[in-house]
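S.K.: What follows is final-v1.cif; its format and atoms are mmCIF, C-alpha atoms.
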```
data_run
loop_
_atom_site.label_atom_id
_atom_site.label_comp_id
_atom_site.auth_asym_id
_atom_site.auth_seq_id
_atom_site.Cartn_x
_atom_site.Cartn_y
_atom_site.Cartn_z
CA MET O 31 189.01 97.33 139.87
CA THR O 32 190.16 94.75 137.42
CA SER O 33 191.28 91.55 139.01
CA GLY O 34 194.99 90.90 139.09
CA SER O 35 195.85 94.47 138.19
CA LYS O 36 197.51 97.30 140.03
CA ARG O 37 196.17 100.72 139.12
CA PRO O 38 198.24 103.88 139.28
CA GLU O 39 197.73 106.24 142.18
CA THR O 40 194.53 108.23 142.44
CA ASP O 41 195.88 111.54 141.06
CA LEU O 42 197.17 109.97 137.91
CA GLY O 43 194.08 107.81 137.69
CA GLU O 44 191.82 110.85 137.80
CA ARG O 45 193.88 112.59 135.16
CA LEU O 46 193.77 109.59 132.89
CA ARG O 47 190.04 109.35 133.33
CA GLU O 48 189.73 112.91 132.07
CA LEU O 49 190.76 111.65 128.66
CA ASP O 50 187.53 109.68 128.47
CA ALA O 51 185.71 112.61 126.97
CA PRO O 52 181.91 112.67 127.05
CA GLU O 53 180.26 111.33 123.96
CA SER O 54 179.33 114.03 121.52
CA PRO O 55 175.78 114.62 120.36
CA GLY O 56 175.12 113.00 117.02
CA ASN O 57 177.08 109.94 118.01
CA ALA O 58 174.14 107.69 117.11
CA GLU O 59 174.15 109.06 113.57
CA LEU O 60 177.87 108.48 113.30
CA MET O 61 177.49 104.90 114.53
CA GLU O 62 174.71 104.25 112.06
CA ARG O 63 176.77 105.62 109.19
CA MET O 64 179.79 103.57 110.22
CA PHE O 65 177.71 100.42 110.52
CA CYS O 66 176.25 100.96 107.05
CA ASN O 67 179.77 101.35 105.66
CA VAL O 68 180.93 98.16 107.36
CA LYS O 69 177.90 96.22 106.13
CA ALA O 70 178.39 97.45 102.58
CA GLU O 71 182.07 96.52 102.66
CA CYS O 72 181.32 93.07 104.11
CA GLU O 73 178.64 92.38 101.51
CA GLN O 74 180.92 93.49 98.69
CA SER O 75 183.70 91.29 100.05
CA ASP O 76 181.40 88.27 100.41
CA ARG O 77 180.56 88.49 96.72
CA SER O 78 184.22 88.33 95.64
CA ILE O 79 186.52 85.32 95.32
CA ARG O 80 189.00 87.02 97.59
CA GLY O 81 186.33 87.49 100.23
CA PHE O 82 185.35 83.85 99.93
CA PHE O 83 188.89 82.64 100.58
CA ARG O 84 189.58 85.14 103.33
CA SER O 85 186.46 84.24 105.25
CA ARG O 86 187.40 80.55 105.44
CA SER O 87 188.76 79.44 108.79
CA THR O 88 192.53 79.55 109.19
CA MET O 89 192.69 75.77 109.14
CA ALA O 90 190.72 75.68 105.88
CA ARG O 91 192.88 78.38 104.30
CA ARG O 92 196.04 76.51 105.20
CA ALA O 93 194.59 73.25 103.92
CA ILE O 94 193.69 74.93 100.63
CA VAL O 95 197.19 76.35 100.15
CA LEU O 96 198.94 73.12 101.11
CA SER O 97 196.65 71.12 98.83
CA VAL O 98 197.37 73.39 95.87
CA PHE O 99 201.11 73.24 96.58
CA ALA O 100 200.97 69.45 96.86
CA VAL O 101 198.98 69.00 93.65
CA LEU O 102 201.30 71.30 91.71
CA ALA O 103 204.36 69.53 93.09
CA VAL O 104 203.06 66.03 92.30
CA VAL O 105 201.88 66.96 88.80
CA GLY O 106 205.12 68.77 88.05
CA TRP O 107 207.23 65.97 89.48
CA PHE O 108 205.69 63.28 87.29
CA ALA O 109 204.61 65.26 84.22
CA PHE O 110 207.97 66.78 83.43
CA PRO O 111 211.37 65.09 83.36
CA LEU O 112 213.49 65.58 86.43
CA VAL O 113 217.19 66.32 86.21
CA GLY O 114 219.34 63.31 85.40
CA ASP O 115 220.54 60.85 88.04
CA GLN O 116 223.98 62.40 88.10
CA ALA O 117 222.52 65.76 89.01
CA ARG O 118 220.50 64.41 91.95
CA THR O 119 223.15 65.15 94.49
CA VAL O 120 222.85 65.71 98.21
CA GLN O 121 223.05 69.47 97.59
CA TRP O 122 220.21 69.23 95.09
CA THR O 123 218.03 67.41 97.65
CA ILE O 124 218.93 69.86 100.39
CA SER O 125 218.03 72.77 98.11
CA LEU O 126 214.62 71.31 97.30
CA VAL O 127 213.86 70.53 100.94
CA THR O 128 214.93 74.05 101.97
CA PHE O 129 212.64 75.59 99.34
CA CYS O 130 209.76 73.44 100.61
CA VAL O 131 210.36 74.49 104.21
CA LEU O 132 210.51 78.17 103.22
CA LEU O 133 207.25 77.83 101.29
CA VAL O 134 205.51 76.30 104.29
CA ILE O 135 206.82 78.99 106.64
CA ALA O 136 205.68 81.70 104.23
CA MET O 137 202.27 80.06 104.02
CA PHE O 138 201.96 80.05 107.82
CA MET O 139 202.97 83.71 108.01
CA VAL O 140 200.57 84.82 105.31
CA THR O 141 197.64 82.89 106.76
CA ARG O 142 198.25 84.04 110.33
CA PRO O 143 194.88 84.82 111.96
CA VAL O 144 194.20 88.52 112.41
CA HIS O 145 192.97 88.05 115.98
CA LEU O 146 196.52 87.17 117.05
CA PRO O 147 199.11 89.90 117.64
CA ALA O 148 200.79 90.79 114.35
CA LEU O 149 204.21 89.28 113.79
CA PRO O 150 207.08 91.74 114.12
CA ARG O 151 208.23 93.16 110.82
CA TRP O 152 211.73 91.79 111.27
CA GLN O 153 210.41 88.23 111.09
CA SER O 154 208.84 88.82 107.69
CA LEU O 155 211.92 90.66 106.44
CA CYS O 156 214.10 87.86 107.79
CA LEU O 157 212.13 85.26 105.84
CA VAL O 158 212.43 87.32 102.65
CA CYS O 159 216.21 87.65 103.11
CA ILE O 160 216.60 83.93 103.84
CA ALA O 161 214.52 83.06 100.77
CA LEU O 162 216.69 85.26 98.55
CA GLY O 163 219.85 83.92 100.17
CA ALA O 164 218.73 80.32 99.67
CA THR O 165 218.10 80.79 95.96
CA VAL O 166 221.50 82.43 95.49
CA LEU O 167 223.22 79.77 97.59
CA ALA O 168 221.53 77.02 95.57
CA ALA O 169 223.05 78.54 92.44
CA PHE O 170 226.50 77.83 93.83
CA TRP O 171 225.67 74.15 94.06
CA PRO O 172 225.35 73.48 90.34
CA HIS O 173 225.02 70.14 88.67
CA PRO O 174 228.13 68.11 87.95
CA ALA O 175 230.04 69.21 84.89
CA ALA O 176 229.30 65.87 83.26
CA GLN O 177 225.74 67.05 82.72
CA ALA O 178 226.98 69.83 80.49
CA ALA O 179 227.74 67.40 77.69
CA THR O 180 224.13 66.35 77.41
CA HIS O 181 222.78 69.86 76.96
CA ASP O 182 223.94 71.96 74.10
CA HIS O 183 222.08 75.18 74.76
CA GLY O 184 223.18 78.77 74.67
CA GLY O 185 223.60 79.66 78.33
CA SER O 186 222.10 83.14 78.18
CA VAL O 187 219.14 82.06 76.07
CA MET O 188 218.38 79.27 78.47
CA ALA O 189 218.77 81.59 81.44
CA GLY O 190 216.12 83.83 79.92
CA ALA O 191 213.85 80.86 79.30
CA CYS O 192 214.30 79.60 82.86
CA MET O 193 213.59 83.07 84.22
CA GLY O 194 210.41 83.29 82.16
CA VAL O 195 209.22 79.86 83.29
CA GLY O 196 210.08 80.64 86.92
CA LEU O 197 208.18 83.92 86.83
CA LEU O 198 205.18 82.26 85.20
CA LEU O 199 205.15 79.49 87.81
CA GLY O 200 205.52 81.93 90.66
CA ILE O 201 202.54 84.08 89.68
CA PRO O 202 199.86 81.53 90.68
CA VAL O 203 201.62 80.95 93.99
CA TYR O 204 201.68 84.68 94.65
CA ALA O 205 198.03 85.03 93.64
CA LEU O 206 196.97 82.14 95.87
CA LEU O 207 198.80 83.53 98.90
CA ARG O 208 197.30 86.98 98.33
CA LEU O 209 193.85 85.43 98.10
CA VAL O 210 194.10 83.81 101.53
CA ASP O 211 195.87 86.75 103.19
CA ARG O 212 193.54 88.69 105.47
CA GLY O 213 195.77 91.74 105.50
CA ASN O 214 198.93 90.83 107.39
CA ALA O 215 201.64 93.46 107.42
CA LEU O 216 204.22 92.75 104.70
CA GLY O 217 202.06 89.85 103.50
CA SER O 218 202.63 90.97 99.93
CA LEU O 219 206.39 90.83 100.28
CA VAL O 220 206.30 87.41 101.96
CA ALA O 221 204.03 86.11 99.19
CA ALA O 222 206.46 87.51 96.61
CA ALA O 223 209.37 85.71 98.27
CA ALA O 224 207.31 82.51 98.35
CA ALA O 225 206.51 82.89 94.66
CA GLY O 226 210.22 83.28 93.90
CA VAL O 227 211.05 80.22 95.98
CA ALA O 228 208.32 78.18 94.27
CA GLY O 229 209.72 79.13 90.87
CA ASN O 230 213.19 78.15 92.02
CA PHE O 231 211.90 74.82 93.36
CA VAL O 232 210.51 73.83 89.97
CA LEU O 233 213.57 75.05 88.09
CA LYS O 234 215.92 73.26 90.46
CA ALA O 235 213.96 70.03 90.09
CA HIS O 236 213.66 70.08 86.33
CA CYS O 237 216.32 72.29 84.77
CA ALA O 238 219.38 70.31 83.79
CA VAL O 239 221.38 73.20 82.41
CA PRO O 240 224.54 73.26 84.51
CA GLY O 241 226.54 76.18 85.74
CA THR O 242 226.49 78.75 88.51
CA SER O 243 226.08 81.64 86.11
CA HIS O 244 223.03 80.02 84.53
CA GLU O 245 221.43 79.40 87.90
CA LEU O 246 222.19 82.90 89.09
CA LEU O 247 220.82 84.53 85.95
CA GLY O 248 217.96 82.18 85.26
CA HIS O 249 216.89 80.85 88.66
CA ALA O 250 217.91 83.11 91.54
CA SER O 251 216.88 86.13 89.51
CA VAL O 252 213.26 84.93 89.67
CA ALA O 253 213.12 85.40 93.43
CA VAL O 254 214.99 88.69 93.23
CA LEU O 255 212.64 90.02 90.55
CA PHE O 256 209.56 88.98 92.50
CA VAL O 257 210.76 90.57 95.72
CA LEU O 258 212.16 93.74 94.18
CA GLY O 259 209.31 94.16 91.72
CA LEU O 260 206.51 93.67 94.19
CA GLY O 261 208.50 95.41 96.90
CA LEU O 262 208.66 98.49 94.72
CA VAL O 263 204.98 98.23 93.89
CA HIS O 264 204.21 97.94 97.59
CA ARG O 265 206.46 100.91 98.32
CA PHE O 266 204.99 103.29 95.78
CA VAL O 267 201.44 101.98 95.56
CA PRO O 268 200.53 101.44 99.22
CA ALA O 269 197.64 99.13 100.00
CA LYS O 270 194.35 100.71 100.99
CA MET R 117 169.22 83.91 107.17
CA ALA R 118 167.74 84.45 110.62
CA SER R 119 167.14 88.04 111.55
CA SER R 120 166.49 87.93 115.27
CA THR R 121 169.04 88.22 118.07
CA PRO R 122 169.51 85.07 120.14
CA LYS R 123 167.86 86.22 123.38
CA SER R 124 167.55 89.25 125.61
CA ASP R 125 170.90 90.67 126.76
CA PRO R 126 173.11 87.89 125.42
CA THR R 127 176.84 87.87 126.07
CA ASP R 128 179.32 88.99 123.43
CA GLU R 129 180.32 85.40 122.85
CA GLU R 130 176.71 84.28 122.38
CA LEU R 131 176.23 87.08 119.88
CA MET R 132 179.36 86.11 118.00
CA ASP R 133 178.26 82.47 117.92
CA ALA R 134 174.91 83.61 116.55
CA TYR R 135 176.65 85.74 113.94
CA VAL R 136 178.86 82.84 112.86
CA ASP R 137 175.65 80.83 112.47
CA GLY R 138 174.27 83.51 110.17
CA ASP R 139 172.36 85.89 112.44
CA GLU R 140 173.01 89.30 110.87
CA ALA R 141 171.26 91.16 113.68
CA ALA R 142 173.81 89.84 116.16
CA PHE R 143 176.55 91.64 114.21
CA ARG R 144 174.70 94.90 114.63
CA VAL R 145 174.42 94.41 118.39
CA LEU R 146 178.13 93.62 118.56
CA PHE R 147 178.85 96.75 116.58
CA GLU R 148 176.73 98.84 118.94
CA ARG R 149 178.60 97.41 121.92
CA TYR R 150 182.12 97.64 120.64
CA ALA R 151 182.22 100.52 118.17
CA PRO R 152 182.01 103.29 120.83
CA ILE R 153 184.76 101.60 122.89
CA LEU R 154 186.97 101.19 119.85
CA LEU R 155 186.28 104.71 118.66
CA ARG R 156 187.47 106.16 121.97
CA LEU R 157 190.52 103.90 121.85
CA THR R 158 191.50 104.84 118.32
CA ARG R 159 190.82 108.53 118.85
CA ARG R 160 193.09 108.55 121.87
CA HIS R 161 195.81 106.84 119.85
CA LEU R 162 195.47 108.58 116.52
CA ARG R 163 193.92 111.95 117.43
CA ASP R 164 192.29 112.01 114.04
CA ASP R 165 188.55 111.44 113.98
CA GLU R 166 188.32 110.38 110.37
CA LEU R 167 191.18 107.93 110.66
CA ALA R 168 189.82 106.58 113.94
CA GLU R 169 186.45 105.91 112.29
CA GLU R 170 188.19 104.19 109.38
CA ILE R 171 190.13 101.92 111.71
CA VAL R 172 187.02 101.01 113.69
CA GLN R 173 185.28 100.09 110.46
CA GLN R 174 188.27 98.06 109.33
CA THR R 175 188.28 96.27 112.69
CA PHE R 176 184.71 95.09 112.14
CA PHE R 177 185.45 94.25 108.53
CA ARG R 178 188.31 92.03 109.66
CA LEU R 179 186.17 90.56 112.43
CA HIS R 180 183.64 89.65 109.76
CA GLY R 181 186.35 88.01 107.65
CA ALA R 182 187.76 86.10 110.61
CA ARG R 183 184.40 85.00 112.05
CA ASN R 184 184.92 81.37 111.09
CA ASP R 185 188.01 81.26 113.30
CA PHE R 186 185.94 82.07 116.37
CA ARG R 187 185.67 79.02 118.61
CA ARG R 188 182.92 78.49 121.13
CA GLY R 189 184.25 79.18 124.59
CA SER R 190 186.70 81.84 123.39
CA LYS R 191 186.45 85.39 124.69
CA LEU R 192 185.48 87.96 122.07
CA ARG R 193 186.91 91.10 123.65
CA PRO R 194 190.59 90.14 123.27
CA TRP R 195 189.83 89.26 119.66
CA VAL R 196 188.39 92.65 118.87
CA MET R 197 191.05 94.53 120.82
CA THR R 198 193.88 92.64 119.14
CA ILE R 199 192.50 93.35 115.67
CA ALA R 200 192.13 97.05 116.50
CA MET R 201 195.59 97.32 118.09
CA ASN R 202 197.16 95.56 115.10
CA LEU R 203 195.53 98.09 112.80
CA VAL R 204 196.67 101.03 114.91
CA ARG R 205 200.21 99.64 115.03
CA GLU R 206 200.17 99.11 111.28
CA HIS R 207 199.06 102.69 110.84
CA TRP R 208 201.95 103.96 112.95
CA ARG R 209 204.34 101.85 110.95
CA ARG R 210 203.06 103.18 107.66
CA THR R 211 203.01 106.81 108.55
CA LYS R 212 205.89 106.83 111.03
CA ARG R 213 203.82 109.35 112.87
CA ARG R 214 205.54 108.53 116.13
CA LYS R 215 208.46 110.57 114.86
CA MET R 216 206.38 113.72 114.64
CA THR R 217 207.53 116.53 116.83
CA SER R 218 205.54 117.38 119.92
CA LEU R 219 204.76 120.74 118.30
CA GLU R 220 202.96 118.97 115.48
CA VAL R 221 201.10 116.86 117.99
CA GLU R 222 199.98 119.85 119.96
CA THR R 223 198.54 121.56 116.93
CA GLN R 224 196.09 118.75 116.33
CA ALA R 225 192.58 118.94 117.63
CA ALA R 226 191.81 116.97 120.75
CA PRO R 227 189.04 114.42 120.28
CA GLU R 228 185.60 115.86 120.87
CA ALA R 229 187.22 119.02 122.13
CA ASP R 230 184.19 121.12 121.35
CA PHE R 231 182.18 119.42 124.05
CA MET R 232 184.71 119.87 126.87
CA PRO R 233 185.17 122.87 129.16
CA LEU R 234 188.26 124.97 128.36
CA GLU R 235 190.24 124.02 131.47
CA LEU R 236 189.48 120.33 131.01
CA ARG R 237 190.41 120.60 127.35
CA GLN R 238 193.80 122.10 128.23
CA ARG R 239 194.46 119.43 130.84
CA SER R 240 193.37 116.77 128.40
CA GLU R 241 195.69 118.21 125.78
CA LEU R 242 198.65 118.04 128.17
CA LEU R 243 197.79 114.47 129.05
CA HIS R 244 197.56 113.55 125.41
CA VAL R 245 200.99 115.04 124.84
CA ALA R 246 202.32 113.09 127.84
CA LEU R 247 200.84 109.88 126.45
CA GLU R 248 202.35 110.66 123.06
CA LYS R 249 205.77 110.74 124.69
CA LEU R 250 205.45 107.13 125.83
CA PRO R 251 206.87 104.40 123.61
CA THR R 252 204.15 102.65 121.62
CA SER R 253 204.56 99.42 123.57
CA GLN R 254 203.94 101.21 126.90
CA ARG R 255 201.12 103.29 125.50
CA GLU R 256 199.29 100.19 124.32
CA VAL R 257 199.51 98.74 127.79
CA VAL R 258 198.15 101.93 129.41
CA GLU R 259 195.34 101.94 126.89
CA LEU R 260 194.31 98.37 127.53
CA HIS R 261 195.02 98.21 131.25
CA TRP R 262 193.74 101.58 132.31
CA PHE R 263 191.19 102.73 129.78
CA GLN R 264 189.84 99.32 128.78
CA GLU R 265 190.24 97.92 132.32
CA ARG R 266 191.68 94.65 131.09
CA PRO R 267 193.67 92.43 133.48
CA TYR R 268 197.38 92.04 132.80
CA ALA R 269 196.94 88.49 131.55
CA GLU R 270 194.52 89.63 128.87
CA VAL R 271 196.67 92.63 127.94
CA ALA R 272 199.59 90.22 127.48
CA GLN R 273 197.45 88.09 125.19
CA ILE R 274 196.46 91.11 123.10
CA VAL R 275 199.90 92.64 122.68
CA GLY R 276 201.59 89.25 122.28
CA THR R 277 204.03 89.19 125.17
CA SER R 278 204.34 87.75 128.68
CA GLU R 279 202.35 88.99 131.67
CA GLY R 280 205.59 89.93 133.42
CA ALA R 281 206.68 92.11 130.51
CA VAL R 282 203.28 93.82 130.52
CA ARG R 283 203.58 94.57 134.25
CA VAL R 284 207.02 96.08 133.69
CA ARG R 285 205.74 98.21 130.78
CA ALA R 286 202.77 99.39 132.84
CA HIS R 287 204.95 100.29 135.81
CA ARG R 288 207.34 102.27 133.61
CA ALA R 289 204.51 103.98 131.77
CA TYR R 290 202.70 105.08 134.93
CA SER R 291 205.97 106.28 136.47
CA THR R 292 206.76 108.32 133.37
CA LEU R 293 203.27 109.78 133.28
CA LYS R 294 203.47 110.76 136.94
CA GLN R 295 206.81 112.47 136.37
CA LEU R 296 205.41 114.35 133.41
CA LEU R 297 202.40 115.46 135.41
CA VAL R 298 204.59 116.70 138.28
CA LEU R 299 206.59 118.73 135.79
CA GLU R 300 203.38 120.08 134.34
CA ILE R 301 202.05 121.14 137.78
CA ARG R 302 205.38 122.83 138.64
CA GLY R 303 205.22 124.60 135.31
CA ASP R 304 201.73 125.92 136.15
CA GLU R 305 202.93 127.26 139.50
#
```
Here is the file; what I need is its structure written in the form of structure tokens.

M.R.:
Amino acid sequence: MTSGSKRPETDLGERLRELDAPESPGNAELMERMFCNVKAECEQSDRSIRGFFRSRSTMARRAIVLSVFAVLAVVGWFAFPLVGDQARTVQWTISLVTFCVLLVIAMFMVTRPVHLPALPRWQSLCLVCIALGATVLAAFWPHPAAQAATHDHGGSVMAGACMGVGLLLGIPVYALLRLVDRGNALGSLVAAAAAGVAGNFVLKAHCAVPGTSHELLGHASVAVLFVLGLGLVHRFVPAK
Amino acid sequence: MASSTPKSDPTDEELMDAYVDGDEAAFRVLFERYAPILLRLTRRHLRDDELAEEIVQQTFFRLHGARNDFRRGSKLRPWVMTIAMNLVREHWRRTKRRKMTSLEVETQAAPEADFMPLELRQRSELLHVALEKLPTSQREVVELHWFQERPYAEVAQIVGTSEGAVRVRAHRAYSTLKQLLVLEIRGDE
């Protein structure tokens, strides 16, 4: 009897034990075949970049992701001009901090060790909804109107450009998170949301084109496209 | 890479440590120890031999990928069980098989049915159907507590909840199973 446990009564116990069917003949062959399959799959995985990243310890995987995020953020921050002083409002700062927090949470979810119980689906879906909500909400905190005078761009053209840049910037983030993901449920969707948030972070920090409509069309749409696009891919092309 | 196992009859944890250090033979021994247990577990849950084999293989594949997370002093069994249960749960989620009607369930072949006497096969079939009627959360607990003989504390660790919640689930599951069996016996009479 297992310590600290209370077994059901004998009748039920006997009936449950009946389900432990005797091992069939040829089991050794089956085991050998299964082991060969596992070995082949492991060896194939070890030779790939994805396998290399996935087999790092969880601490190493998280350090890799955080390092890449940090390098990209620092390079982007100093290499490209930030929005003007007038645009650096409290709302702007809050938006950037929120995006950072969401990225870190997504990173923790995606790199969750597989030997721990899987997170409930609602937690992943919740993060995706919050990420989308945050990008839309950030669009309603546009830069002061005074900034508009300094930028004489066609709004729709610039929205398209911002969307393109955001999508391009999000792709490496998505790829990195997929590389370190050992197969968490909904990991693809969480990575897609993170990619959208990363794109929005850069656009929010650097894009000085004012206006809610521009931010909705050019910025928030990045996250929506990532989530919907990859969500649909995930829906119709299920992972192996 | 070394090719010998650490020593005669080593523990699971010693084998895993050896495997993390590069001893390929230790992985084989671990596979020989755990694969039959996992195969029985997955067959009971999925009632599909091919799928059960696939999930067992995936469990070891994931164990291989996660080997660098294994810390000396940790217990291996909860690791392996958690990975397997996560995969089974993910399978249920993907296929939504829990919503299948009991008729569909009954038409499926019982695991290793060919090697069981007819009466035992029928009783086993009824028990499988009874287990199918349990919610997944309770069924997992029965699997780990009864079939795998794990203490409640370890079951709680594997399914990711408190020991108290596991005790409640086990109590409810065993009560439900007993009621179902009483109904079955009355039906036979």

S.K.: Just the residues within 10 Å of O:Cys130, please, counting all atoms listed in the file, with nothing from its chain fewer than 6 positions along; format it as a PyMOL selection string.

M.R.: chain O and resi 99+124+136+224+227-228+231

S.K.: Apply the PyMOL selection byres ((chain O and resi 165) around 8) to the displayed file and report the matching residues as a list in words.

M.R.: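 Evaluating the PyMOL selection byres ((chain O and resi 165) around 8) on these coordinates yields Ala161, Leu162, Gly163, Ala164, Val166, Leu167, Ala168, Ala169, Val227, Asn230, His249, Ala250 and Ala253 of chain O.
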
S.K.: Produce a file of the selected residues containing C-alpha atoms, as an mmCIF file, keeping the file's coordinate frame.

M.R.:
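selection-v2.cif, written as the output of this step:
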```cif
data_model
loop_
_atom_site.group_PDB
_atom_site.id
_atom_site.type_symbol
_atom_site.label_atom_id
_atom_site.label_comp_id
_atom_site.auth_asym_id
_atom_site.auth_seq_id
_atom_site.Cartn_x
_atom_site.Cartn_y
_atom_site.Cartn_z
ATOM 1 C CA ALA O 161 214.520 83.060 100.770
ATOM 2 C CA LEU O 162 216.690 85.260 98.550
ATOM 3 C CA GLY O 163 219.850 83.920 100.170
ATOM 4 C CA ALA O 164 218.730 80.320 99.670
ATOM 5 C CA VAL O 166 221.500 82.430 95.490
ATOM 6 C CA LEU O 167 223.220 79.770 97.590
ATOM 7 C CA ALA O 168 221.530 77.020 95.570
ATOM 8 C CA ALA O 169 223.050 78.540 92.440
ATOM 9 C CA VAL O 227 211.050 80.220 95.980
ATOM 10 C CA ASN O 230 213.190 78.150 92.020
ATOM 11 C CA HIS O 249 216.890 80.850 88.660
ATOM 12 C CA ALA O 250 217.910 83.110 91.540
ATOM 13 C CA ALA O 253 213.120 85.400 93.430
#
```

S.K.: Counting only C-alpha atoms, which residue out of R:Pro194, R:Val298, R:Leu157, R:Arg209 sits closest to R:Val258?

M.R.: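 Comparing R:Pro194, R:Val298, R:Leu157, R:Arg209 against R:Val258, the winner is R:Leu157.
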
S.K.: Would you translate the PyMOL selection byres ((chain R and resi 146) around 10) into the concrete set of residues it matches in this file, as a CSV table (one decimal) with C-alpha atoms, keeping the file's coordinate frame?

M.R.:
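Saved as result24.csv:
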```
chain,number,residue,atom,x,y,z
R,127,THR,CA,176.8,87.9,126.1
R,128,ASP,CA,179.3,89.0,123.4
R,129,GLU,CA,180.3,85.4,122.8
R,131,LEU,CA,176.2,87.1,119.9
R,132,MET,CA,179.4,86.1,118.0
R,135,TYR,CA,176.6,85.7,113.9
R,141,ALA,CA,171.3,91.2,113.7
R,142,ALA,CA,173.8,89.8,116.2
R,143,PHE,CA,176.6,91.6,114.2
R,144,ARG,CA,174.7,94.9,114.6
R,145,VAL,CA,174.4,94.4,118.4
R,147,PHE,CA,178.8,96.8,116.6
R,148,GLU,CA,176.7,98.8,118.9
R,149,ARG,CA,178.6,97.4,121.9
R,150,TYR,CA,182.1,97.6,120.6
R,151,ALA,CA,182.2,100.5,118.2
R,176,PHE,CA,184.7,95.1,112.1
R,192,LEU,CA,185.5,88.0,122.1
```

S.K.: Just checking: using all atoms listed in the file, which residue out of R:Thr292, R:Thr158, R:Leu297, R:Ala182 ends up closest to R:Gln264?

M.R.: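 Using all atoms listed in the file, the shortest distance to R:Gln264 belongs to R:Thr158.
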
S.K.: With distances taken over all atoms listed in the file, which of R:His207, R:Arg285, R:Arg188, R:Arg183 is nearest to chain O?

M.R.: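 The closest residue to chain O is R:Arg183.
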
S.K.: Name the residues in contact with R:Leu296 at a cut-off of 10 Å, using all atoms listed in the file, excluding same-chain residues fewer than 5 positions from it; report them as a list in words.

M.R.: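 Result of the neighbour search: Leu242, Leu243, Val245, Ala246, Leu247, Lys249, Tyr290, Ser291, Ile301 and Arg302 of chain R.
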
S.K.: Write out as a short mmCIF file (atom, residue, chain, number, x, y, z; two decimals) with C-alpha atoms, keeping the file's coordinate frame each polymer residue whose atoms come within 12 Å of O:Arg151, counting all atoms listed in the file; drop sequence neighbours fewer than 2 positions from it.

M.R.:
```cif
data_model
loop_
_atom_site.label_atom_id
_atom_site.label_comp_id
_atom_site.auth_asym_id
_atom_site.auth_seq_id
_atom_site.Cartn_x
_atom_site.Cartn_y
_atom_site.Cartn_z
CA MET O 139 202.97 83.71 108.01
CA PRO O 147 199.11 89.90 117.64
CA ALA O 148 200.79 90.79 114.35
CA LEU O 149 204.21 89.28 113.79
CA GLN O 153 210.41 88.23 111.09
CA SER O 154 208.84 88.82 107.69
CA LEU O 155 211.92 90.66 106.44
CA CYS O 156 214.10 87.86 107.79
CA LEU O 157 212.13 85.26 105.84
CA VAL O 158 212.43 87.32 102.65
CA ASN O 214 198.93 90.83 107.39
CA ALA O 215 201.64 93.46 107.42
CA LEU O 216 204.22 92.75 104.70
CA GLY O 217 202.06 89.85 103.50
CA LEU O 219 206.39 90.83 100.28
CA VAL O 220 206.30 87.41 101.96
CA ARG R 205 200.21 99.64 115.03
CA GLU R 206 200.17 99.11 111.28
CA ARG R 209 204.34 101.85 110.95
CA ARG R 210 203.06 103.18 107.66
#
```

S.K.: Rounded to one decimal, what separation in Å do you get between atom CA of R:Ala286 and atom CA of R:Arg163?

M.R.: 21.8 Å

S.K.: Evaluate the PyMOL selection byres ((chain O and resi 189-201) around 10) against this structure - the residues, as a ChimeraX atom specification, please.

M.R.: /O:102,183-188,202-207,221-233,237,239,243-253,255-256

S.K.: Which distance in Å separates atom CA of R:Ser278 and atom CA of R:Pro251, to one decimal?

M.R.: 17.6 Å

S.K.: Quick one, how far is atom CA of R:Glu170 from atom CA of O:Val144?

M.R.: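 Between these atoms lies a distance of 17.1 Å.
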